[in-house]
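Source file: my_file29.csv; contents: CSV, C-alpha atoms.
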```csv
chain,number,residue,atom,x,y,z
A,185,LEU,CA,13.9,-1.8,-8.8
A,186,THR,CA,11.7,-3.8,-11.2
A,187,GLY,CA,10.0,-7.1,-10.4
A,188,ARG,CA,7.7,-9.4,-12.3
A,189,THR,CA,5.5,-9.9,-9.3
A,190,LEU,CA,4.7,-8.0,-6.1
A,191,PRO,CA,6.9,-10.2,-3.9
A,192,ASP,CA,9.7,-10.0,-6.5
A,193,ALA,CA,9.9,-6.2,-6.2
A,194,TYR,CA,9.2,-6.1,-2.5
A,195,HIS,CA,11.9,-8.7,-1.6
A,196,ASP,CA,14.5,-6.9,-3.7
A,197,ALA,CA,13.7,-3.6,-2.0
A,198,LEU,CA,14.2,-5.3,1.4
A,199,ARG,CA,17.6,-6.5,0.3
A,200,TRP,CA,18.5,-3.1,-1.0
A,201,LEU,CA,17.5,-1.4,2.2
A,202,HIS,CA,19.5,-3.9,4.3
A,203,ALA,CA,22.6,-3.6,2.2
A,204,LEU,CA,22.7,0.1,1.3
A,205,GLY,CA,20.5,1.9,3.8
A,206,SER,CA,22.1,4.8,5.6
A,207,VAL,CA,21.5,5.3,9.4
A,208,SER,CA,20.0,8.6,10.5
A,209,ASP,CA,18.3,10.1,13.5
A,210,VAL,CA,14.5,10.4,13.8
A,211,PRO,CA,14.1,13.0,16.5
A,212,ASP,CA,10.3,13.0,16.3
A,213,TYR,CA,10.2,9.4,17.6
A,214,ASN,CA,13.4,9.5,19.6
A,215,THR,CA,15.1,6.8,17.6
A,216,THR,CA,17.2,6.0,14.6
A,217,GLN,CA,16.4,4.5,11.2
A,218,LYS,CA,18.0,2.8,8.2
A,219,GLU,CA,16.7,4.5,5.1
A,220,VAL,CA,16.9,4.6,1.3
A,221,THR,CA,14.9,6.3,-1.4
A,222,MET,CA,13.1,3.5,-3.2
A,223,THR,CA,11.1,3.1,-6.4
A,224,MET,CA,9.6,-0.4,-7.1
A,225,GLN,CA,7.9,-1.2,-10.3
A,226,VAL,CA,5.7,-4.4,-10.5
A,227,LEU,CA,5.4,-5.4,-14.1
A,228,HIS,CA,2.4,-7.8,-13.5
A,229,PRO,CA,0.7,-6.8,-10.2
A,230,LEU,CA,-1.8,-9.7,-10.3
A,231,ALA,CA,0.6,-12.4,-11.3
A,232,GLU,CA,1.2,-15.3,-8.9
A,233,PRO,CA,2.6,-15.8,-6.4
A,234,MET,CA,1.2,-12.5,-5.1
A,235,ILE,CA,1.6,-12.8,-1.4
A,236,SER,CA,4.9,-12.4,0.5
A,237,LYS,CA,5.5,-14.3,3.6
A,238,LEU,CA,7.7,-11.4,4.9
A,239,PHE,CA,5.1,-9.0,6.3
A,240,ILE,CA,3.7,-8.5,9.8
A,241,GLY,CA,0.3,-10.1,9.8
A,242,GLY,CA,-1.7,-12.8,8.1
A,243,PRO,CA,-4.8,-13.2,6.0
A,244,LYS,CA,-7.1,-11.5,8.5
A,245,GLU,CA,-4.9,-8.4,8.8
A,246,LEU,CA,-4.4,-8.2,5.1
A,247,GLU,CA,-8.2,-8.5,4.4
A,248,GLN,CA,-9.0,-5.9,7.1
A,249,TYR,CA,-6.5,-3.5,5.6
A,250,ARG,CA,-7.8,-4.0,2.1
A,251,GLN,CA,-11.3,-3.2,3.4
A,252,GLU,CA,-10.0,-0.1,5.3
A,253,MET,CA,-8.4,1.2,2.1
A,254,LEU,CA,-11.0,0.3,-0.5
A,255,ASP,CA,-14.3,0.3,1.5
A,256,GLY,CA,-13.6,2.7,4.4
A,257,ILE,CA,-14.7,0.2,7.2
A,258,LEU,CA,-13.0,2.4,9.8
A,259,ASP,CA,-13.9,5.8,8.5
A,260,PHE,CA,-16.2,6.2,11.5
A,261,GLU,CA,-13.0,6.6,13.7
A,262,VAL,CA,-12.6,10.1,12.2
A,263,ALA,CA,-16.1,11.1,13.1
A,264,LYS,CA,-15.6,9.8,16.6
A,265,GLY,CA,-12.4,11.9,17.0
A,266,ASN,CA,-10.1,9.0,17.4
A,267,TRP,CA,-8.3,9.4,14.0
A,268,ALA,CA,-7.5,12.6,12.1
A,269,TYR,CA,-8.2,10.9,8.7
A,270,THR,CA,-8.2,7.6,6.8
A,271,TYR,CA,-6.8,7.1,3.3
A,272,HIS,CA,-10.2,5.9,2.1
A,273,GLN,CA,-11.9,9.1,3.4
A,274,ARG,CA,-9.5,11.3,1.5
A,275,MET,CA,-9.7,9.2,-1.7
A,276,GLU,CA,-13.3,8.3,-2.0
A,277,LYS,CA,-14.6,11.7,-3.2
A,278,GLN,CA,-11.9,11.9,-5.8
A,279,LEU,CA,-12.5,8.4,-7.3
A,280,PRO,CA,-15.5,9.4,-9.4
A,281,PHE,CA,-13.3,12.1,-11.1
A,282,ILE,CA,-10.7,9.4,-11.9
A,283,ILE,CA,-13.3,7.3,-13.7
A,284,ARG,CA,-14.9,10.3,-15.5
A,285,GLU,CA,-11.5,11.6,-16.6
A,286,LEU,CA,-10.2,8.3,-18.0
A,287,ARG,CA,-13.5,7.7,-19.8
A,288,ARG,CA,-13.3,11.2,-21.2
A,289,ASN,CA,-9.8,10.8,-22.4
A,290,PRO,CA,-8.1,7.4,-21.9
A,291,GLU,CA,-4.7,9.1,-22.7
A,292,SER,CA,-5.2,11.7,-19.9
A,293,ARG,CA,-2.3,12.7,-17.6
A,294,ARG,CA,-4.8,14.4,-15.2
A,295,ALA,CA,-6.1,11.3,-13.3
A,296,VAL,CA,-4.5,12.2,-10.0
A,297,ILE,CA,-5.7,11.6,-6.4
A,298,ASP,CA,-4.2,14.0,-3.9
A,299,VAL,CA,-4.1,12.3,-0.5
A,300,ARG,CA,-2.1,14.9,1.3
A,301,ASP,CA,-4.2,17.6,2.9
A,302,TRP,CA,-1.8,20.4,3.5
A,303,LEU,CA,-3.9,22.3,6.1
A,304,THR,CA,-4.4,19.2,8.2
A,305,ASP,CA,-1.1,17.4,7.7
A,306,SER,CA,1.2,20.5,8.2
A,307,GLU,CA,-0.1,20.7,11.8
A,308,SER,CA,-0.5,17.0,12.5
A,309,THR,CA,1.8,14.8,14.5
A,310,ASP,CA,0.6,11.9,12.3
A,311,PRO,CA,0.6,13.3,8.7
A,312,ALA,CA,-0.4,11.1,5.8
A,313,CYS,CA,2.5,9.0,4.5
A,314,LEU,CA,0.8,8.4,1.1
A,315,GLN,CA,0.9,11.6,-0.8
A,316,HIS,CA,-0.7,11.0,-4.2
A,317,ILE,CA,-1.8,8.4,-6.8
A,318,GLN,CA,-1.8,8.8,-10.6
A,319,TYR,CA,-3.4,6.6,-13.1
A,320,PHE,CA,-2.6,6.2,-16.8
A,321,ILE,CA,-4.3,4.1,-19.5
A,322,ARG,CA,-1.8,3.1,-22.2
A,323,GLU,CA,-2.4,0.5,-24.8
A,324,GLY,CA,-5.5,-0.7,-23.0
A,325,GLU,CA,-3.9,-1.2,-19.6
A,326,LEU,CA,-4.4,0.9,-16.4
A,327,HIS,CA,-1.0,1.8,-14.9
A,328,CYS,CA,-0.8,3.1,-11.3
A,329,LYS,CA,2.0,5.3,-9.8
A,330,VAL,CA,2.0,6.2,-6.1
A,331,LEU,CA,4.2,8.4,-4.0
A,332,PHE,CA,4.8,7.9,-0.3
A,333,ARG,CA,6.8,10.6,1.6
A,334,SER,CA,7.6,7.9,4.2
A,335,ASN,CA,7.1,4.1,4.2
A,336,ASP,CA,7.9,1.5,6.9
A,337,ALA,CA,9.6,-1.3,4.9
A,338,CYS,CA,8.9,-4.1,7.3
A,339,LYS,CA,5.6,-3.2,8.9
A,340,ALA,CA,3.6,-1.3,6.3
A,341,ALA,CA,4.9,-1.3,2.7
A,342,PHE,CA,3.7,-4.7,1.6
A,343,MET,CA,0.2,-4.2,2.9
A,344,ASN,CA,0.1,-0.7,1.3
A,345,MET,CA,1.2,-2.1,-2.1
A,346,PHE,CA,-1.3,-5.0,-2.0
A,347,ALA,CA,-4.3,-2.8,-1.1
A,348,LEU,CA,-3.4,-0.2,-3.7
A,349,ILE,CA,-3.1,-2.9,-6.4
A,350,MET,CA,-6.5,-4.1,-5.4
A,351,LEU,CA,-7.8,-0.5,-5.8
A,352,GLN,CA,-6.1,-0.4,-9.2
A,353,LYS,CA,-7.9,-3.6,-10.2
A,354,ARG,CA,-11.2,-2.2,-9.0
A,355,ILE,CA,-10.8,0.9,-11.2
A,356,ALA,CA,-9.5,-1.1,-14.2
A,357,ASP,CA,-12.6,-3.4,-13.9
A,358,GLU,CA,-14.9,-0.4,-13.8
A,359,LEU,CA,-13.2,1.1,-16.9
A,360,GLY,CA,-13.2,-2.3,-18.7
A,361,VAL,CA,-9.4,-2.3,-19.2
A,362,LYS,CA,-6.6,-4.6,-18.1
A,363,VAL,CA,-4.4,-4.0,-15.1
A,364,GLY,CA,-1.0,-2.6,-16.1
A,365,THR,CA,2.1,-1.9,-14.1
A,366,TYR,CA,2.2,-0.7,-10.5
A,367,THR,CA,4.9,1.7,-9.5
A,368,HIS,CA,5.6,2.5,-5.8
A,369,ARG,CA,7.9,5.3,-4.8
A,370,ALA,CA,8.9,5.9,-1.2
A,371,ASN,CA,11.1,8.9,-0.7
A,372,SER,CA,12.0,7.5,2.7
A,373,PHE,CA,11.8,3.7,2.6
A,374,HIS,CA,12.9,2.9,6.1
A,375,VAL,CA,13.1,0.6,9.1
A,376,TYR,CA,13.3,1.9,12.7
A,377,GLU,CA,16.1,0.8,15.0
A,378,ARG,CA,13.7,-1.5,17.0
A,379,ASP,CA,13.2,-3.5,13.8
A,380,PHE,CA,16.7,-3.7,12.5
A,381,GLY,CA,16.8,-7.4,13.6
A,382,LEU,CA,13.4,-8.0,11.8
A,383,LEU,CA,14.9,-6.7,8.6
A,384,GLU,CA,18.0,-8.8,9.0
A,385,GLY,CA,15.9,-11.9,9.6
A,386,TYR,CA,13.9,-11.2,6.5
A,387,VAL,CA,17.0,-10.9,4.4
A,388,LYS,CA,18.4,-14.1,5.8
A,389,ARG,CA,15.2,-15.9,4.8
A,390,LEU,CA,15.5,-14.5,1.3
A,391,ASP,CA,19.0,-15.7,1.1
A,392,GLY,CA,18.0,-19.1,2.2
A,393,THR,CA,16.5,-22.0,0.2
A,394,GLY,CA,12.9,-21.8,1.4
A,395,ASN,CA,9.9,-20.5,-0.4
A,396,ASN,CA,8.9,-17.0,0.7
A,397,THR,CA,5.7,-16.6,-1.2
A,398,TYR,CA,2.1,-17.8,-1.3
A,399,SER,CA,-0.4,-17.7,-4.2
A,400,PHE,CA,-3.3,-15.4,-3.6
A,401,THR,CA,-5.7,-17.3,-5.8
A,402,GLY,CA,-6.9,-20.3,-3.9
A,403,ASP,CA,-6.1,-20.8,-0.2
A,404,TRP,CA,-5.1,-17.2,0.7
A,405,GLU,CA,-8.0,-15.6,-1.0
A,406,GLU,CA,-10.3,-18.1,0.6
A,407,LEU,CA,-8.7,-17.5,4.0
A,408,MET,CA,-9.1,-13.7,3.6
A,409,THR,CA,-12.7,-14.2,2.7
A,410,SER,CA,-13.4,-16.5,5.6
A,411,TYR,CA,-12.3,-13.7,8.0
A,412,ARG,CA,-14.9,-11.2,6.7
A,413,PRO,CA,-17.6,-12.1,9.3
A,414,GLN,CA,-15.2,-11.8,12.2
A,415,ILE,CA,-13.8,-8.5,10.9
A,416,ALA,CA,-17.4,-7.2,10.4
A,417,LYS,CA,-18.3,-8.2,14.0
A,418,GLU,CA,-15.2,-6.5,15.4
A,419,VAL,CA,-15.7,-3.4,13.4
A,420,ALA,CA,-19.3,-3.2,14.5
A,421,ALA,CA,-18.2,-3.5,18.2
A,422,LEU,CA,-15.7,-0.7,17.7
A,423,LYS,CA,-18.3,1.5,16.0
A,424,GLU,CA,-20.8,1.0,18.9
A,425,GLY,CA,-18.1,1.4,21.6
```

As structure tokens:
Amino acid sequence: LTGRTLPDAYHDALRWLHALGSVSDVPDYNTTQKEVTMTMQVLHPLAEPMISKLFIGGPKELEQYRQEMLDGILDFEVAKGNWAYTYHQRMEKQLPFIIRELRRNPESRRAVIDVRDWLTDSESTDPACLQHIQYFIREGELHCKVLFRSNDACKAAFMNMFALIMLQKRIADELGVKVGTYTHRANSFHVYERDFGLLEGYVKRLDGTGNNTYSFTGDWEELMTSYRPQIAKEVAALKEG
């Protein structure tokens, strides 16, 4: 599926999952799921409106997740033994290579971040869903392509995509190039049985006449920024606890 904006692609993917998803068992979680293989391409990732109303959370949750992914604000949970990994922890040591490689050769096909850690994930009950990220510079634009082995359509996908686009922008800014397309492939784009009704409600909203998006620039960006002190305080308390 291809969309001009992030919500365009995400909303079409929800419709596709609802209409064409096949139901299968998920023995690891003692439930069932509706599932499709999904590839979403966002032609203009920073174009407005950028925020979908159809995700679990609000500006605080989206800002915290952005900071988790880009800045590693919860990486300490790994050291404390509470989590096996964070995406930021697995990516941060590889990001300097991405910058060096694309400066060395802007046409490179080698700018790949491996998120999957085979030794850890093959024995984990919570292996990484995000597998790898690849960056290309073509005609002065930084394109990003990501692969998820598994992606919860209603409760994770939008926040994943938003944060990864913010990371794409950060890298593009450092390289002095424009942001190009964002491509998001989920081999299992799914919704669990407990959330079948949530997906159906989302699709009904999409088929209605209301507006299902917000602009990021302006109110939402200001709201996300306004939550930073509260997030910092809560993270500090977790770190000390």

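The protein and nucleic acid residues lying at most 8 Å from region 195-202 of chain A are Leu185, Pro191, Lys218, Glu219, Val220, Met222, Met224, Ala337, Phe373, His374, Leu383, Glu384, Tyr386, Val387 and Leu390 of chain A, with all atoms listed in the file considered and sequence neighbours fewer than 4 positions away removed.
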
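When all atoms listed in the file are used to compute distances to Ser236 (chain A), the closest of the residues A:Phe380, A:Tyr319, A:Tyr411, A:Tyr194 turns out to be A:Tyr194.
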
Can you check which parts of region 247-271 of chain A lie within 12 Å of region 310-314 of chain A? Per residue, the shortest pair of atoms and distance in Å to one decimal, counting all atoms listed in the file, sorted by chain and number, as a tab-separated table.
```
residue	atom	partner	partner_atom	distance
A:Met253	CA	A:Leu314	CA	11.7
A:Trp267	CA	A:Asp310	CA	9.4
A:Ala268	CA	A:Asp310	CA	8.1
A:Tyr269	CA	A:Ala312	CA	8.3
A:Thr270	CA	A:Ala312	CA	8.6
A:Tyr271	CA	A:Ala312	CA	8.0
```

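If you measure from each of A:Phe281, A:Trp302, A:Phe260, A:Tyr249 to Gly425 (chain A) using all atoms listed in the file, the closest one turns out to be A:Phe260.
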
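Minimum distance to Arg274 (chain A) across A:Ile257, A:Val299, A:Leu286, A:Val207 (counting all atoms listed in the file) occurs at A:Val299.
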
Near Tyr398 (chain A), counting only C-alpha atoms, which residues have an atom at most 7 Å away, once you skip same-chain residues fewer than 6 positions from it, shown as a VMD selection string? chain A and resid 233 to 237

In the coordinate frame of the file, compute which residues have an atom within 7 Å of (6.0, -7.6, -8.9) when using all atoms listed in the file, and state them as a PDB file with C-alpha atoms, in the coordinates of the input.
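Wrote out_35.pdb, looks like this:
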```pdb
ATOM      1  CA  GLY A 187      10.000  -7.100 -10.400  1.00  0.00           C
ATOM      2  CA  ARG A 188       7.700  -9.400 -12.300  1.00  0.00           C
ATOM      3  CA  THR A 189       5.500  -9.900  -9.300  1.00  0.00           C
ATOM      4  CA  LEU A 190       4.700  -8.000  -6.100  1.00  0.00           C
ATOM      5  CA  PRO A 191       6.900 -10.200  -3.900  1.00  0.00           C
ATOM      6  CA  ASP A 192       9.700 -10.000  -6.500  1.00  0.00           C
ATOM      7  CA  ALA A 193       9.900  -6.200  -6.200  1.00  0.00           C
ATOM      8  CA  GLN A 225       7.900  -1.200 -10.300  1.00  0.00           C
ATOM      9  CA  VAL A 226       5.700  -4.400 -10.500  1.00  0.00           C
ATOM     10  CA  LEU A 227       5.400  -5.400 -14.100  1.00  0.00           C
ATOM     11  CA  HIS A 228       2.400  -7.800 -13.500  1.00  0.00           C
ATOM     12  CA  PRO A 229       0.700  -6.800 -10.200  1.00  0.00           C
TER      13      PRO A 229
END
```

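CA of Pro290 (chain A) to CA of Glu276 (chain A) spans 20.6 Å [interatomic distance, one decimal].
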
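Among the candidate residues A:Val210, A:Leu331, A:Met343, A:Ile283, the one lying nearest to Val361 (chain A) is A:Ile283, with distances computed using all atoms listed in the file.
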
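Pairwise distance (CA of Thr221 (chain A), CA of Asp379 (chain A)) equals 18.2 Å.
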
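Straight-line separation from CA of Gln318 (chain A) to CA of Asn335 (chain A): 17.9 Å.
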
Which residue of A:Asn395, A:Thr365, A:Asn266, A:Thr186 approaches Ala231 (chain A) most closely, using all atoms listed in the file: A:Thr365

Shell around Glu232 (chain A) at 8 Å using all atoms listed in the file, local window under 4 positions removed, as a ChimeraX atom specification: /A:189,399-401

Which residue of A:Val375, A:Ala420, A:Ser410, A:Asp301 approaches Cys338 (chain A) most closely, using all atoms listed in the file: A:Val375
